[in-house]
Amino acid sequence: MVTKIIDLNKETVTTEFKVTEDCIFVKDNKFTESGIIENAAQSCSAIVGQDFFAADDLEGEGNNVIGFISGIKKANIFLLPRTGDTLTTKAKLLSNYSSGNFSICTMECKIYTEKELVADCILNFLIQEV
């Protein structure tokens, strides 16, 4: 649910996602609530997930990393984007605990269309190298 990473560092990420008709999370030409949360999750995972890849390994070959939402602390969805909309997602790392091959973190995320706030949420994640 991420088309392009616009900016990425150790604490923040900005991504874009173009909502298309063939997206699994589109129903009646609208991007569903599940798709909005999945977009947030995939955007957020880029922040902590980058620690599992070498700086010069752009393809991520040889790494097996899994991640999943372990909790939704807050999720406010204000509107459902339409097909053709481009979402801009901005996420910020609030807390992180890393130990060996796993990381547990909390992130804040805001999702926008060109003109409007689509959603804001706070998500907990577990990311693990397997």
# chains A, B, ... in the order shown; residues from 1 in each chain; ligands from 1
>>> select_by_dssp(residues="chain A", states="alpha helix (DSSP H)", output="list in words")
Glu33, Ser34, Gly35, Ile36, Ile37, Glu38, Asn39, Ala40, Ala41, Gln42, Ser43, Cys44, Ser45, Ala46, Ile47, Val48 and Gly49 of chain A
>>> write_last_selection(atoms="N, CA, C and O atoms", output="CSV table (one decimal), in the first residue's frame")
chain,number,residue,atom,x,y,z
A,33,GLU,N,-11.6,1.3,4.9
A,33,GLU,CA,-10.9,1.6,6.2
A,33,GLU,C,-9.8,0.6,6.4
A,33,GLU,O,-8.7,1.0,6.9
A,34,SER,N,-9.9,-0.6,6.1
A,34,SER,CA,-8.8,-1.6,6.2
A,34,SER,C,-7.6,-1.2,5.3
A,34,SER,O,-6.5,-1.4,5.8
A,35,GLY,N,-7.9,-0.7,4.2
A,35,GLY,CA,-6.8,-0.2,3.3
A,35,GLY,C,-6.1,1.0,3.9
A,35,GLY,O,-4.9,1.1,3.8
A,36,ILE,N,-6.8,1.9,4.6
A,36,ILE,CA,-6.2,3.0,5.2
A,36,ILE,C,-5.3,2.6,6.3
A,36,ILE,O,-4.1,3.0,6.4
A,37,ILE,N,-5.7,1.6,7.2
A,37,ILE,CA,-4.9,1.1,8.2
A,37,ILE,C,-3.7,0.4,7.7
A,37,ILE,O,-2.5,0.5,8.2
A,38,GLU,N,-3.9,-0.4,6.6
A,38,GLU,CA,-2.7,-1.1,6.0
A,38,GLU,C,-1.7,-0.1,5.4
A,38,GLU,O,-0.5,-0.3,5.5
A,39,ASN,N,-2.2,1.0,4.8
A,39,ASN,CA,-1.3,2.0,4.3
A,39,ASN,C,-0.5,2.6,5.4
A,39,ASN,O,0.8,2.7,5.3
A,40,ALA,N,-1.1,2.9,6.5
A,40,ALA,CA,-0.4,3.4,7.7
A,40,ALA,C,0.6,2.4,8.2
A,40,ALA,O,1.8,2.7,8.4
A,41,ALA,N,0.3,1.1,8.3
A,41,ALA,CA,1.2,0.1,8.8
A,41,ALA,C,2.4,-0.1,7.9
A,41,ALA,O,3.5,-0.1,8.3
A,42,GLN,N,2.2,-0.1,6.6
A,42,GLN,CA,3.3,-0.3,5.6
A,42,GLN,C,4.2,0.9,5.6
A,42,GLN,O,5.4,0.8,5.5
A,43,SER,N,3.6,2.1,5.7
A,43,SER,CA,4.4,3.3,5.8
A,43,SER,C,5.3,3.3,7.1
A,43,SER,O,6.5,3.6,7.0
A,44,CYS,N,4.6,3.0,8.2
A,44,CYS,CA,5.3,3.0,9.5
A,44,CYS,C,6.4,2.0,9.6
A,44,CYS,O,7.5,2.2,10.1
A,45,SER,N,6.2,0.8,9.0
A,45,SER,CA,7.2,-0.2,9.1
A,45,SER,C,8.5,0.1,8.4
A,45,SER,O,9.6,-0.4,8.7
A,46,ALA,N,8.5,1.1,7.5
A,46,ALA,CA,9.7,1.5,6.8
A,46,ALA,C,10.7,2.1,7.8
A,46,ALA,O,11.9,2.0,7.6
A,47,ILE,N,10.2,2.8,8.8
A,47,ILE,CA,11.1,3.4,9.8
A,47,ILE,C,12.0,2.4,10.5
A,47,ILE,O,13.2,2.4,10.5
A,48,VAL,N,11.3,1.4,11.2
A,48,VAL,CA,12.0,0.4,12.0
A,48,VAL,C,12.6,-0.7,11.1
A,48,VAL,O,13.7,-1.2,11.4
A,49,GLY,N,11.9,-1.0,10.0
A,49,GLY,CA,12.4,-2.1,9.1
A,49,GLY,C,13.7,-1.8,8.5
A,49,GLY,O,14.4,-2.7,8.2
>>> residues_around(residues="region 4-21 of chain A", least_positions_apart="4", cutoff="7 Å", atoms="only C-alpha atoms", output="MDAnalysis selection string")
chainID A and resid 26 29 31 43 47 83:93
>>> atom_distance(atom1="CA of Pro81 (chain A)", atom2="CA of Cys23 (chain A)")
12.5 Å
>>> atom_distance(atom1="CA of Asp120 (chain A)", atom2="CA of Glu108 (chain A)")
7.5 Å
>>> atom_distance(atom1="CA of Ile24 (chain A)", atom2="CA of Leu79 (chain A)")
18.2 Å
>>> residues_around(residues="Val130 (chain A)", least_positions_apart="5", cutoff="8 Å", atoms="only C-alpha atoms", output="PDB file with all heavy atoms, in the first residue's frame")
ATOM      1  N   ASN A  64      14.851 -11.977   5.666  1.00  0.00           N
ATOM      2  CA  ASN A  64      13.481 -12.410   5.933  1.00  0.00           C
ATOM      3  C   ASN A  64      12.998 -11.643   7.149  1.00  0.00           C
ATOM      4  O   ASN A  64      13.383 -11.948   8.277  1.00  0.00           O
ATOM      5  CB  ASN A  64      13.415 -13.912   6.205  1.00  0.00           C
ATOM      6  CG  ASN A  64      13.403 -14.721   4.945  1.00  0.00           C
ATOM      7  OD1 ASN A  64      12.918 -14.264   3.926  1.00  0.00           O
ATOM      8  ND2 ASN A  64      13.932 -15.928   5.011  1.00  0.00           N
ATOM      9  N   VAL A  65      12.188 -10.640   6.903  1.00  0.00           N
ATOM     10  CA  VAL A  65      11.668  -9.799   7.972  1.00  0.00           C
ATOM     11  C   VAL A  65      10.149  -9.850   7.901  1.00  0.00           C
ATOM     12  O   VAL A  65       9.563  -9.699   6.831  1.00  0.00           O
ATOM     13  CB  VAL A  65      12.153  -8.343   7.811  1.00  0.00           C
ATOM     14  CG1 VAL A  65      11.569  -7.457   8.891  1.00  0.00           C
ATOM     15  CG2 VAL A  65      13.675  -8.272   7.832  1.00  0.00           C
ATOM     16  N   ILE A  66       9.528 -10.100   9.058  1.00  0.00           N
ATOM     17  CA  ILE A  66       8.071 -10.033   9.136  1.00  0.00           C
ATOM     18  C   ILE A  66       7.692  -8.941  10.120  1.00  0.00           C
ATOM     19  O   ILE A  66       8.442  -8.616  11.041  1.00  0.00           O
ATOM     20  CB  ILE A  66       7.434 -11.380   9.559  1.00  0.00           C
ATOM     21  CG1 ILE A  66       7.934 -11.811  10.943  1.00  0.00           C
ATOM     22  CG2 ILE A  66       7.696 -12.449   8.528  1.00  0.00           C
ATOM     23  CD1 ILE A  66       7.145 -12.963  11.531  1.00  0.00           C
ATOM     24  N   ASN A 101      17.053  -9.650  17.192  1.00  0.00           N
ATOM     25  CA  ASN A 101      16.395  -9.766  15.892  1.00  0.00           C
ATOM     26  C   ASN A 101      14.939  -9.283  15.879  1.00  0.00           C
ATOM     27  O   ASN A 101      14.202  -9.606  14.967  1.00  0.00           O
ATOM     28  CB  ASN A 101      16.468 -11.209  15.396  1.00  0.00           C
ATOM     29  CG  ASN A 101      15.651 -12.151  16.257  1.00  0.00           C
ATOM     30  OD1 ASN A 101      15.281 -11.828  17.372  1.00  0.00           O
ATOM     31  ND2 ASN A 101      15.379 -13.329  15.726  1.00  0.00           N
TER      32      ASN A 101
END
>>> residues_around(residues="Ser98 (chain A)", least_positions_apart="2", cutoff="12 Å", atoms="only C-alpha atoms", output="ChimeraX atom specification")
/A:48-49,51-52,95-96,100-106,125-129
>>> write_last_selection(atoms="N, CA, C and O atoms", output="PDB file, in the first residue's frame")
ATOM      1  N   VAL A  48      11.306   1.414  11.186  1.00  0.00           N
ATOM      2  CA  VAL A  48      12.020   0.415  11.986  1.00  0.00           C
ATOM      3  C   VAL A  48      12.589  -0.687  11.097  1.00  0.00           C
ATOM      4  O   VAL A  48      13.666  -1.213  11.355  1.00  0.00           O
ATOM      5  N   GLY A  49      11.901  -1.024  10.031  1.00  0.00           N
ATOM      6  CA  GLY A  49      12.356  -2.084   9.137  1.00  0.00           C
ATOM      7  C   GLY A  49      13.691  -1.810   8.496  1.00  0.00           C
ATOM      8  O   GLY A  49      14.443  -2.737   8.176  1.00  0.00           O
ATOM      9  N   ASP A  51      16.361  -0.904   9.774  1.00  0.00           N
ATOM     10  CA  ASP A  51      17.466  -1.406  10.603  1.00  0.00           C
ATOM     11  C   ASP A  51      17.855  -2.842  10.265  1.00  0.00           C
ATOM     12  O   ASP A  51      18.931  -3.291  10.621  1.00  0.00           O
ATOM     13  N   PHE A  52      16.977  -3.563   9.581  1.00  0.00           N
ATOM     14  CA  PHE A  52      17.244  -4.958   9.246  1.00  0.00           C
ATOM     15  C   PHE A  52      17.922  -5.119   7.887  1.00  0.00           C
ATOM     16  O   PHE A  52      18.172  -6.222   7.447  1.00  0.00           O
ATOM     17  N   SER A  95       8.079   5.562  20.105  1.00  0.00           N
ATOM     18  CA  SER A  95       8.923   4.776  21.019  1.00  0.00           C
ATOM     19  C   SER A  95       9.373   3.518  20.302  1.00  0.00           C
ATOM     20  O   SER A  95       8.710   3.038  19.384  1.00  0.00           O
ATOM     21  N   ASN A  96      10.519   2.985  20.741  1.00  0.00           N
ATOM     22  CA  ASN A  96      11.068   1.792  20.105  1.00  0.00           C
ATOM     23  C   ASN A  96      11.906   1.013  21.118  1.00  0.00           C
ATOM     24  O   ASN A  96      12.713   1.590  21.841  1.00  0.00           O
ATOM     25  N   GLY A 100      18.215  -7.622  19.641  1.00  0.00           N
ATOM     26  CA  GLY A 100      18.621  -8.685  18.729  1.00  0.00           C
ATOM     27  C   GLY A 100      17.880  -8.642  17.424  1.00  0.00           C
ATOM     28  O   GLY A 100      18.002  -7.687  16.662  1.00  0.00           O
ATOM     29  N   ASN A 101      17.053  -9.650  17.192  1.00  0.00           N
ATOM     30  CA  ASN A 101      16.395  -9.766  15.892  1.00  0.00           C
ATOM     31  C   ASN A 101      14.939  -9.283  15.879  1.00  0.00           C
ATOM     32  O   ASN A 101      14.202  -9.606  14.967  1.00  0.00           O
ATOM     33  N   PHE A 102      14.522  -8.505  16.883  1.00  0.00           N
ATOM     34  CA  PHE A 102      13.160  -7.988  16.839  1.00  0.00           C
ATOM     35  C   PHE A 102      13.087  -6.567  17.373  1.00  0.00           C
ATOM     36  O   PHE A 102      13.989  -6.096  18.055  1.00  0.00           O
ATOM     37  N   SER A 103      12.007  -5.907  17.044  1.00  0.00           N
ATOM     38  CA  SER A 103      11.777  -4.540  17.480  1.00  0.00           C
ATOM     39  C   SER A 103      10.296  -4.371  17.772  1.00  0.00           C
ATOM     40  O   SER A 103       9.445  -4.852  17.018  1.00  0.00           O
ATOM     41  N   ILE A 104       9.983  -3.706  18.877  1.00  0.00           N
ATOM     42  CA  ILE A 104       8.615  -3.369  19.243  1.00  0.00           C
ATOM     43  C   ILE A 104       8.544  -1.846  19.287  1.00  0.00           C
ATOM     44  O   ILE A 104       9.386  -1.206  19.920  1.00  0.00           O
ATOM     45  N   CYS A 105       7.577  -1.282  18.597  1.00  0.00           N
ATOM     46  CA  CYS A 105       7.538   0.178  18.535  1.00  0.00           C
ATOM     47  C   CYS A 105       6.105   0.705  18.486  1.00  0.00           C
ATOM     48  O   CYS A 105       5.166  -0.023  18.202  1.00  0.00           O
ATOM     49  N   THR A 106       5.997   2.003  18.771  1.00  0.00           N
ATOM     50  CA  THR A 106       4.740   2.742  18.669  1.00  0.00           C
ATOM     51  C   THR A 106       4.971   3.900  17.719  1.00  0.00           C
ATOM     52  O   THR A 106       5.982   4.601  17.821  1.00  0.00           O
ATOM     53  N   PHE A 125       3.661  -1.938  16.743  1.00  0.00           N
ATOM     54  CA  PHE A 125       4.170  -2.915  15.796  1.00  0.00           C
ATOM     55  C   PHE A 125       5.170  -3.865  16.442  1.00  0.00           C
ATOM     56  O   PHE A 125       5.873  -3.491  17.373  1.00  0.00           O
ATOM     57  N   LEU A 126       5.247  -5.061  15.891  1.00  0.00           N
ATOM     58  CA  LEU A 126       6.326  -5.994  16.163  1.00  0.00           C
ATOM     59  C   LEU A 126       6.964  -6.317  14.824  1.00  0.00           C
ATOM     60  O   LEU A 126       6.270  -6.698  13.883  1.00  0.00           O
ATOM     61  N   ILE A 127       8.260  -6.114  14.716  1.00  0.00           N
ATOM     62  CA  ILE A 127       9.012  -6.439  13.509  1.00  0.00           C
ATOM     63  C   ILE A 127      10.120  -7.390  13.923  1.00  0.00           C
ATOM     64  O   ILE A 127      10.840  -7.139  14.888  1.00  0.00           O
ATOM     65  N   GLN A 128      10.237  -8.508  13.198  1.00  0.00           N
ATOM     66  CA  GLN A 128      11.201  -9.534  13.576  1.00  0.00           C
ATOM     67  C   GLN A 128      11.896 -10.100  12.338  1.00  0.00           C
ATOM     68  O   GLN A 128      11.278 -10.354  11.312  1.00  0.00           O
ATOM     69  N   GLU A 129      13.190 -10.329  12.493  1.00  0.00           N
ATOM     70  CA  GLU A 129      13.956 -11.023  11.470  1.00  0.00           C
ATOM     71  C   GLU A 129      13.841 -12.517  11.735  1.00  0.00           C
ATOM     72  O   GLU A 129      14.020 -12.964  12.864  1.00  0.00           O
TER      73      GLU A 129
END
>>> select_by_dssp(residues="region 5-119 of chain A", states="strand (DSSP E or B)", output="PyMOL selection string")
chain A and resi 5-8+12-18+26-27+30-31+65-77+82+86-99+102-112+117-119
